[in-house]
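Take a look at the structure below.
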There are 2 protein chains.
Amino acid sequence: MNIGEVSKKAALPAKTIRYYEDIGLITPLRDPNGYRCFRDADMHKLAFLGRARTLGFTIEDCRALLALWNDQSRASADVRSIAKEHLAQVEKKISDLQEIRDTLSHLVRECVGDERPDCPILKSLEEFPSREHA
Amino acid sequence: MNIGEVSKKAALPAKTIRYYEDIGLITPLRDPNGYRCFRDADMHKLAFLGRARTLGFTIEDCRALLALWNDQSRASADVRSIAKEHLAQVEKKISDLQEIRDTLSHLVRECVGDERPDCPILKSLEEFPSREHA
DNA sequence: ATGGTGCTTCCAGCAACTGGAAGGTCAAGG
DNA sequence: CCTTGACCTTCCAGTTGCTGGAAGCACCAT
């Protein structure tokens, strides 16, 4: 399989696949003409990577998960701890964003948004030294 | 005021402040010795920037907001539309992350996490070609 | 004079790609 | 046989928003 076909099947841009090879996540063979030659195992890895990435695992997480995936004697606890750690980060990010959303939507609701220069949003950005306590 | 003092007051790293000058968000004066010399107006801008950045506005958003802030004849609608756009992006991100969180927490719950190699998380990453429809 | 801290500039690097240029390869059509 | 066009290759640069570090002045206290 050439990169184009793999790209379609794995739903990953060819550029991304080349990048994954660059950083050592996959090592496809080469045809005599220099074209990358992907086997089913490569496809599987790429599908795995695509899935893990859409779940927001970092590339280094993916590297670790791939290693565990390839390790027949791995303990499932190892995988679980990576996933749990990542889950915690996702939850933190959600709550940070929720706070931001609340502030923003409050500001947007307060702002009439007409032709007058008076703007509560700017006023708030100006007057609210949020990090004073830092 | 030198950069160190401003850095403390605005709760922004000195590196960040220099970076903001580099990209033209602020233009502090210089003392004869070459040191940056910040006036109150610079401080205000930096505080404004810090606040806007903690709310997740991009640098380019900040540039636009600063320009509006400095524009006495601005329409508050202009500010509002930037904030609304950003709010929409934040909300999108929250819901994306919530989906990820749900999937992840489901996986983590399913996984016993013991010494056995059998791992539902890896299995799911393997078997679930999430982007097939792309 | 010496030490320590603070300031300067510039260069490199992070994550995870993405875009584009310059060029080789292959299959089809004339 | 030649051309066209799609596909492949490599390499370099850019993205966002900083951050780290090196090399070298500036300033103040002793």
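Starting from 1 in every chain, residues are counted up; chains themselves are A, B, ... following the order of the structure tokens, and ligands are numbered from 1 as listed.
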Could you list the residues in chain A lying within 7 Å of chain B, using only C-alpha atoms, and format the result as a ChimeraX atom specification?
/A:11,47-48,51-52,55,69,72-77,80,83-84,87,90-91,94,97,100-101,104-105,108,111,113-119,122,125-126,129-131,134
Selected residues written out with N, CA and C atoms, as a CSV table (one decimal), in the first residue's frame:
```csv
chain,number,residue,atom,x,y,z
A,11,ALA,N,-7.6,7.7,7.5
A,11,ALA,CA,-8.2,9.0,7.7
A,11,ALA,C,-7.2,9.9,8.4
A,47,ALA,N,-4.2,3.4,12.6
A,47,ALA,CA,-5.6,3.5,13.1
A,47,ALA,C,-5.6,3.7,14.6
A,48,PHE,N,-4.7,2.9,15.2
A,48,PHE,CA,-4.6,3.1,16.7
A,48,PHE,C,-4.2,4.5,17.1
A,51,ARG,N,-6.9,7.0,16.5
A,51,ARG,CA,-7.9,6.9,17.6
A,51,ARG,C,-7.4,7.6,18.9
A,52,ALA,N,-6.2,7.2,19.2
A,52,ALA,CA,-5.6,7.8,20.5
A,52,ALA,C,-5.5,9.3,20.4
A,55,LEU,N,-8.6,11.1,20.9
A,55,LEU,CA,-8.9,11.2,22.4
A,55,LEU,C,-8.0,12.1,23.1
A,69,TRP,N,1.0,-1.8,23.7
A,69,TRP,CA,0.1,-2.6,22.8
A,69,TRP,C,0.9,-3.7,22.2
A,72,GLN,N,3.3,-8.1,24.8
A,72,GLN,CA,2.3,-9.1,25.1
A,72,GLN,C,2.3,-9.3,26.7
A,73,SER,N,3.3,-9.0,27.4
A,73,SER,CA,3.3,-9.2,28.8
A,73,SER,C,3.0,-8.0,29.6
A,74,ARG,N,2.5,-7.0,28.9
A,74,ARG,CA,2.2,-5.7,29.7
A,74,ARG,C,1.1,-6.0,30.7
A,75,ALA,N,1.1,-5.1,31.7
A,75,ALA,CA,0.1,-5.2,32.7
A,75,ALA,C,-1.0,-4.1,32.3
A,76,SER,N,-2.2,-4.5,32.4
A,76,SER,CA,-3.3,-3.5,31.9
A,76,SER,C,-3.3,-2.3,32.9
A,77,ALA,N,-2.7,-2.5,34.1
A,77,ALA,CA,-2.6,-1.3,35.0
A,77,ALA,C,-1.8,-0.2,34.4
A,80,ARG,N,-3.9,1.6,32.1
A,80,ARG,CA,-5.0,2.3,32.8
A,80,ARG,C,-4.4,3.6,33.5
A,83,ALA,N,-4.2,6.4,30.9
A,83,ALA,CA,-5.5,6.9,30.6
A,83,ALA,C,-6.1,7.7,31.7
A,84,LYS,N,-5.9,7.2,33.0
A,84,LYS,CA,-6.4,8.0,34.1
A,84,LYS,C,-5.8,9.3,34.2
A,87,LEU,N,-7.2,11.5,31.6
A,87,LEU,CA,-8.6,11.8,32.0
A,87,LEU,C,-8.6,13.0,33.0
A,90,VAL,N,-7.9,16.2,31.2
A,90,VAL,CA,-9.1,16.6,30.4
A,90,VAL,C,-10.1,17.2,31.3
A,91,GLU,N,-10.3,16.6,32.5
A,91,GLU,CA,-11.3,17.2,33.4
A,91,GLU,C,-10.9,18.6,33.9
A,94,ILE,N,-11.5,21.0,31.1
A,94,ILE,CA,-13.0,21.3,31.0
A,94,ILE,C,-13.4,22.4,32.1
A,97,LEU,N,-12.1,25.8,31.3
A,97,LEU,CA,-12.8,26.4,30.2
A,97,LEU,C,-14.2,26.8,30.6
A,100,ILE,N,-14.0,30.1,32.2
A,100,ILE,CA,-13.8,31.1,31.2
A,100,ILE,C,-15.1,31.4,30.5
A,101,ARG,N,-15.8,30.3,30.2
A,101,ARG,CA,-17.1,30.5,29.5
A,101,ARG,C,-18.1,31.3,30.3
A,104,LEU,N,-17.0,34.9,30.3
A,104,LEU,CA,-17.3,35.5,28.9
A,104,LEU,C,-18.8,35.7,28.7
A,105,SER,N,-19.6,34.7,29.0
A,105,SER,CA,-21.0,34.8,28.7
A,105,SER,C,-21.6,35.9,29.5
A,108,VAL,N,-20.7,39.1,27.7
A,108,VAL,CA,-21.4,39.3,26.5
A,108,VAL,C,-22.9,39.7,26.8
A,111,CYS,N,-23.2,43.3,27.7
A,111,CYS,CA,-22.9,44.3,26.7
A,111,CYS,C,-24.0,44.4,25.7
A,113,GLY,N,-23.9,46.1,22.9
A,113,GLY,CA,-23.4,45.9,21.6
A,113,GLY,C,-24.0,46.8,20.5
A,114,ASP,N,-24.0,48.1,20.8
A,114,ASP,CA,-24.6,49.0,19.8
A,114,ASP,C,-23.5,49.9,19.3
A,115,GLU,N,-23.8,51.0,18.8
A,115,GLU,CA,-22.8,51.9,18.1
A,115,GLU,C,-22.1,52.8,19.2
A,116,ARG,N,-22.6,52.8,20.4
A,116,ARG,CA,-22.0,53.6,21.4
A,116,ARG,C,-20.6,53.1,21.8
A,117,PRO,N,-19.7,53.9,22.2
A,117,PRO,CA,-18.4,53.4,22.5
A,117,PRO,C,-18.3,52.8,23.9
A,118,ASP,N,-19.4,53.0,24.7
A,118,ASP,CA,-19.3,52.5,26.0
A,118,ASP,C,-19.4,50.9,26.1
A,119,CYS,N,-18.4,50.3,26.5
A,119,CYS,CA,-18.4,48.8,26.5
A,119,CYS,C,-18.0,48.1,27.8
A,122,LEU,N,-14.7,45.8,27.6
A,122,LEU,CA,-13.4,46.4,27.7
A,122,LEU,C,-13.2,46.9,29.1
A,125,LEU,N,-12.1,44.1,31.3
A,125,LEU,CA,-10.7,43.7,31.0
A,125,LEU,C,-9.8,44.7,31.6
A,126,GLU,N,-10.2,45.9,31.6
A,126,GLU,CA,-9.4,47.0,32.1
A,126,GLU,C,-9.3,47.0,33.7
A,129,PRO,N,-8.0,43.2,37.6
A,129,PRO,CA,-6.7,42.7,37.6
A,129,PRO,C,-6.7,41.3,38.1
A,130,SER,N,-7.0,40.3,37.3
A,130,SER,CA,-7.4,39.0,37.8
A,130,SER,C,-6.3,38.3,38.5
A,131,ARG,N,-5.0,38.7,38.2
A,131,ARG,CA,-3.9,37.9,38.8
A,131,ARG,C,-3.2,38.6,39.9
A,134,ALA,N,-1.4,36.7,42.5
A,134,ALA,CA,-0.3,35.8,42.1
A,134,ALA,C,1.0,36.2,42.7
```
Counting only C-alpha atoms (C1' of nucleotides), what are the residues of chain B within 10 Å of chain C, and for each of them which pair of atoms is the nearest and at what distance in Å, to one decimal? Sort the table by chain and rising number, as a tab-separated table.
```
residue	atom	partner	partner_atom	distance
B:Asn2	CA	C:DC7	C1'	8.7
B:Ile3	CA	C:DC7	C1'	8.3
B:Gly4	CA	C:DG6	C1'	7.9
B:Asn33	CA	C:DC7	C1'	9.3
B:Gly34	CA	C:DT8	C1'	7.3
B:Tyr35	CA	C:DC7	C1'	6.3
B:Arg36	CA	C:DC7	C1'	8.7
```
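The chain B residues that come within 9 Å of chain D are Lys15, Thr16, Tyr19, Asn33, Thr58 and Ile59 of chain B, with only C-alpha atoms (C1' of nucleotides) taken into account.
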Once DSSP has gone over the backbone, tell me which residues of chain B are in helix (DSSP H, G or I), as a count of residues only.
87
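Taking CA of Asp61 (chain A) and CA of Arg39 (chain A) as endpoints, the distance between them is 23.5 Å.
Of the residues in chain B, those that DSSP places in strand (DSSP E) on the basis of the backbone are Leu29, Arg30, Arg36 and Cys37 of chain B.
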Can you tell me, as number ranges by chain, what residues are no more than 10 Å from Arg18 (chain A) when counting only C-alpha atoms (C1' of nucleotides), ignoring any on the same chain fewer than 6 positions away?
A: 3, 24-28, 36
Save out the residues we just selected, all heavy atoms, as a CSV table (one decimal), in the first residue's frame.
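See selection.csv below for the written result:
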```csv
chain,number,residue,atom,x,y,z
A,3,ILE,N,1.3,5.5,0.3
A,3,ILE,CA,0.8,6.4,1.4
A,3,ILE,C,-0.6,7.0,1.2
A,3,ILE,O,-1.3,7.2,2.1
A,3,ILE,CB,1.9,7.6,1.6
A,3,ILE,CG1,1.7,8.2,3.0
A,3,ILE,CG2,1.7,8.6,0.6
A,3,ILE,CD1,2.8,9.0,3.5
A,24,GLY,N,9.5,8.2,14.6
A,24,GLY,CA,9.7,6.9,15.0
A,24,GLY,C,8.5,6.1,15.5
A,24,GLY,O,8.6,5.1,16.2
A,25,LEU,N,7.3,6.6,15.2
A,25,LEU,CA,6.1,5.8,15.7
A,25,LEU,C,5.8,4.6,14.8
A,25,LEU,O,5.3,3.6,15.2
A,25,LEU,CB,4.9,6.8,15.7
A,25,LEU,CG,4.9,7.8,16.8
A,25,LEU,CD1,3.6,8.6,16.8
A,25,LEU,CD2,5.0,7.1,18.2
A,26,ILE,N,6.1,4.8,13.5
A,26,ILE,CA,6.0,3.7,12.6
A,26,ILE,C,7.2,3.6,11.7
A,26,ILE,O,8.0,4.6,11.6
A,26,ILE,CB,4.8,3.9,11.6
A,26,ILE,CG1,4.9,5.3,10.9
A,26,ILE,CG2,3.5,3.8,12.4
A,26,ILE,CD1,3.9,5.5,9.8
A,27,THR,N,7.5,2.4,11.1
A,27,THR,CA,8.6,2.3,10.2
A,27,THR,C,8.2,1.4,9.0
A,27,THR,O,8.6,0.2,9.0
A,27,THR,CB,9.8,1.6,11.0
A,27,THR,OG1,9.2,0.5,11.7
A,27,THR,CG2,10.5,2.5,11.9
A,28,PRO,N,7.5,2.0,8.1
A,28,PRO,CA,7.1,1.3,6.9
A,28,PRO,C,8.3,0.9,6.1
A,28,PRO,O,9.3,1.6,6.1
A,28,PRO,CB,6.2,2.3,6.2
A,28,PRO,CG,6.7,3.6,6.6
A,28,PRO,CD,7.1,3.4,8.1
A,36,ARG,N,7.1,4.7,0.2
A,36,ARG,CA,6.8,3.9,1.4
A,36,ARG,C,5.8,2.8,1.1
A,36,ARG,O,4.9,2.9,0.3
A,36,ARG,CB,6.2,4.8,2.4
A,36,ARG,CG,7.1,5.8,3.1
A,36,ARG,CD,6.4,6.8,4.0
A,36,ARG,NE,7.4,7.8,4.5
A,36,ARG,CZ,7.8,8.8,3.8
A,36,ARG,NH1,7.4,9.0,2.5
A,36,ARG,NH2,8.7,9.6,4.3
```
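For the pair CA of Tyr20 (chain A) and CA of Val6 (chain A), the separation is 13.0 Å.
Coordinates place CA of Pro13 (chain B) at a distance of 18.9 Å from CA of Arg30 (chain B).
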